[in-house]
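Student: I'd like to ask some things about the structure below.
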Amino acid sequence: TNVLPVAIVTGASRGIGKSIVNRLSREGISCIAIASSKKSIEGIKLDDPLMLIHEKQRHRSLAIDLSQWPQWTASEKHFGIDYHENKSGYFPLYDMWKDSDTIYQPTLLVNCAGITQQSLSVRTDVDTITKLMNVNFMSSVSLTNMTLKQMIKNRKRTRADTRTNRPCIINICSVLATSDLTVPGTSVYAASKAALSQYTKVVAQEVNPCNIAIVSISPGLVPATDMLKGLECDGQSHLQKLASTFGTCTPEQIASQVWDIYNSTE
Ligand code: NDP
């Protein structure tokens, strides 16, 4: 029986997450691409950004509104589109495809969904703070825990199979959280990413004995995405400073970084 790897990627409808599923699928990995709504997953299509490069490769997208934490964690099924069966319907998050000679297992989780803040802290209302924390931090923690359970269970089953990569979880943080540079208008955003960064460090140590890699990436400015569009002018000018300090990068470069981390055995 073959064990084929599956990547679960949030934020897959746009920007960095879209580049990540594009890269992973071009490398032959089956993908579960997650975005917030039915409408946004309808934009995730075969050939753009998902690719099929071998017969056994499968893809599915799921609509999960990560701002509705913890409610979404209690849902057994989520609306989705399965590109192999060519149908939409409700699918459990970890119910992978079944094939007589192939087992599909999640070996990579990329928590990439994120929302940005658009005002100074004093003008940020409770609903916005809740959403920022739920999408950027709480949901990433829940997805990490849920996926870890699957990875630990699967490793017991397929421990002898050395052909599959070491399971890996990658959390997308930000230099706004991990450097000394502070940008007005990003207080709760930066705090949510700082929380995710520190969470990642501690949980990585906790699962070290299971040989599961958990790391975070802290990109600098990615000018090509939607994330920066809503920032106030003052925030924009600070971000220019950020760009000149740390440089900028493209979604494709971050996707390459994800691919390199997934393939490294360190
Ligand atoms: P975009 O704004 O381009 O895309 C955001 C993605 O997150 C979309 O796929 C969106 O889905 C998804 N998302 C937003 N809200 C929810 C929700 N409630 N439930 C589920 N999914 C949701 O962002 P980027 O590609 O620029 O950023 C990706 C990640 O990288 C973020 O975590 C961001 O903080 C981080 N980052 C970005 C930088 C940048 O300069 N752009 C720099 C450093 C880090 P939908 O289409 O359904 O809304």
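Letters A, B, ... go to the chains of the structure tokens in the order shown; residues in each chain start at 1; ligands are counted from 1 in the same order.
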Give one line per residue of chain A that approaches ligand 1 to at most 8 Å, naming the two atoms of the closest pair and their distance in Å to one decimal, counting only C-alpha atoms and all ligand atoms; sort by chain then ascending residue number and deliver it as CSV.
Tutor:
```
residue,atom,partner,partner_atom_place_in_ligand_line,distance
A:Thr10,CA,ligand 1,21 (N),6.3
A:Gly11,CA,ligand 1,9 (O),3.1
A:Ala12,CA,ligand 1,9 (O),4.6
A:Ser13,CA,ligand 1,9 (O),4.0
A:Arg14,CA,ligand 1,9 (O),4.4
A:Gly15,CA,ligand 1,25 (O),3.4
A:Ile16,CA,ligand 1,25 (O),3.7
A:Gly17,CA,ligand 1,25 (O),5.7
A:Lys18,CA,ligand 1,9 (O),7.0
A:Ile34,CA,ligand 1,21 (N),6.7
A:Ala35,CA,ligand 1,47 (O),4.2
A:Ser36,CA,ligand 1,20 (C),3.5
A:Ser37,CA,ligand 1,47 (O),5.2
A:Lys39,CA,ligand 1,47 (O),7.6
A:Ser40,CA,ligand 1,47 (O),4.7
A:Ile41,CA,ligand 1,47 (O),7.0
A:Ala63,CA,ligand 1,20 (C),7.3
A:Ile64,CA,ligand 1,20 (C),5.6
A:Asp65,CA,ligand 1,19 (N),3.8
A:Leu66,CA,ligand 1,19 (N),3.7
A:Ser67,CA,ligand 1,18 (N),4.1
A:Gln68,CA,ligand 1,18 (N),7.1
A:Asn111,CA,ligand 1,32 (O),7.4
A:Cys112,CA,ligand 1,32 (O),4.7
A:Ala113,CA,ligand 1,7 (O),3.5
A:Gly114,CA,ligand 1,32 (O),3.4
A:Ile115,CA,ligand 1,14 (C),5.3
A:Thr116,CA,ligand 1,34 (O),6.4
A:Lys131,CA,ligand 1,18 (N),7.3
A:Asn134,CA,ligand 1,18 (N),8.0
A:Val135,CA,ligand 1,18 (N),5.6
A:Asn136,CA,ligand 1,32 (O),6.3
A:Ile172,CA,ligand 1,32 (O),5.5
A:Cys173,CA,ligand 1,44 (C),5.5
A:Ser174,CA,ligand 1,43 (C),4.1
A:Val175,CA,ligand 1,43 (C),6.4
A:Leu176,CA,ligand 1,43 (C),7.4
A:Tyr189,CA,ligand 1,34 (O),7.8
A:Lys193,CA,ligand 1,34 (O),7.5
A:Ser218,CA,ligand 1,43 (C),6.2
A:Pro219,CA,ligand 1,43 (C),4.4
A:Gly220,CA,ligand 1,42 (C),5.1
A:Leu221,CA,ligand 1,40 (O),3.8
A:Val222,CA,ligand 1,40 (O),3.6
A:Pro223,CA,ligand 1,40 (O),5.7
A:Ala224,CA,ligand 1,41 (N),7.2
A:Thr225,CA,ligand 1,3 (O),4.5
A:Asp226,CA,ligand 1,3 (O),4.2
A:Met227,CA,ligand 1,2 (O),3.8
A:Leu228,CA,ligand 1,41 (N),6.2
A:Pro251,CA,ligand 1,25 (O),7.2
```
Student: Please identify all polymer residues within 9 Å of Leu46 of chain A, counting only C-alpha atoms, omitting same-chain residues fewer than 3 positions from it, and present them as number ranges by chain.
Tutor: A: 49-52, 59, 83
Student: Limited to N, CA and C atoms, could you put the picked residues into a file as a PDB file, in the first residue's frame?
Tutor:
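File written: part.pdb
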```pdb
ATOM      1  N   PRO A  49      -5.363  27.765  -8.448  1.00  0.00           N
ATOM      2  CA  PRO A  49      -3.930  27.518  -8.291  1.00  0.00           C
ATOM      3  C   PRO A  49      -3.574  26.025  -8.205  1.00  0.00           C
ATOM      4  N   LEU A  50      -4.593  25.127  -8.110  1.00  0.00           N
ATOM      5  CA  LEU A  50      -4.258  23.712  -7.893  1.00  0.00           C
ATOM      6  C   LEU A  50      -3.835  23.038  -9.197  1.00  0.00           C
ATOM      7  N   MET A  51      -2.851  22.176  -9.105  1.00  0.00           N
ATOM      8  CA  MET A  51      -2.372  21.451 -10.287  1.00  0.00           C
ATOM      9  C   MET A  51      -2.485  19.949 -10.032  1.00  0.00           C
ATOM     10  N   LEU A  52      -2.696  19.200 -11.092  1.00  0.00           N
ATOM     11  CA  LEU A  52      -2.664  17.738 -10.978  1.00  0.00           C
ATOM     12  C   LEU A  52      -1.490  17.259 -11.812  1.00  0.00           C
ATOM     13  N   HIS A  59      -7.331  16.696  -4.742  1.00  0.00           N
ATOM     14  CA  HIS A  59      -7.435  17.998  -4.077  1.00  0.00           C
ATOM     15  C   HIS A  59      -8.867  18.236  -3.620  1.00  0.00           C
ATOM     16  N   TYR A  83     -12.272  17.983  -6.060  1.00  0.00           N
ATOM     17  CA  TYR A  83     -11.945  18.118  -7.480  1.00  0.00           C
ATOM     18  C   TYR A  83     -11.771  16.765  -8.151  1.00  0.00           C
TER      19      TYR A  83
END
```
Student: For Asn165 of chain A, list every protein, DNA or RNA residue within 10 Å, evaluated using only C-alpha atoms, and leave out those in the same chain fewer than 4 positions away; present the list as a count of residues only.
Tutor: 10
Student: Looking at A:Tyr94, A:Phe246, A:Trp259, A:Phe79, which one is nearest to Leu143 of chain A, with distances taken over only C-alpha atoms?
Tutor: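 Of the candidates, the smallest distance to Leu143 of chain A is held by A:Tyr94.
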Student: Identify which of the residues A:Val3, A:Leu62, A:Ile53, A:Leu242 lies closest to Tyr104 of chain A, counting only C-alpha atoms when measuring atom-to-atom distances.
Tutor: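 Closest candidate: A:Val3.
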Student: Find, counting only C-alpha atoms, the residue in A:Gln117, A:Ser100, A:Thr124, A:Asn208 that gets nearest to Leu148 of chain A.
Tutor: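 Of A:Gln117, A:Ser100, A:Thr124, A:Asn208, the one nearest Leu148 of chain A, counting only C-alpha atoms, is A:Asn208.
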Student: What does the structure give for the distance between atom CA of Asn22 of chain A and atom CA of Ser142 of chain A, in Å to one decimal?
Tutor: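 Atom-to-atom, atom CA of Asn22 of chain A and atom CA of Ser142 of chain A are spaced 24.4 Å apart.
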Student: Just to confirm, what's the straight-line distance from atom CA of Leu120 of chain A to atom CA of Thr245 of chain A in Å (one decimal)?
Tutor: 22.3 Å
Student: Report as an MDAnalysis selection string: the residues of segment 53-217 of chain A with a DSSP assignment of strand (DSSP E or B), based on the backbone of this structure.
Tutor: chainID A and resid 59:63 78:82 87:91 98:99 102:111 168:172 213:217
Student: Which polymer residues have any atom within 12 Å of an atom of Val6 of chain A, counting only C-alpha atoms, with same-chain residues fewer than 2 positions away left out, as a PyMOL selection string?
Tutor: chain A and resi 3-4+8-9+21+24-25+27-33+56-60+93-97+103-110+147+150-151+164-165+167-168+262
Student: Mind checking which residues fall within 8 Å of Pro70 of chain A, counting only C-alpha atoms, ignoring those fewer than 3 positions away in the same chain, and posting them as a list in words?
Tutor: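 Selected residues are Thr73, Ala74 and Ser139 of chain A.
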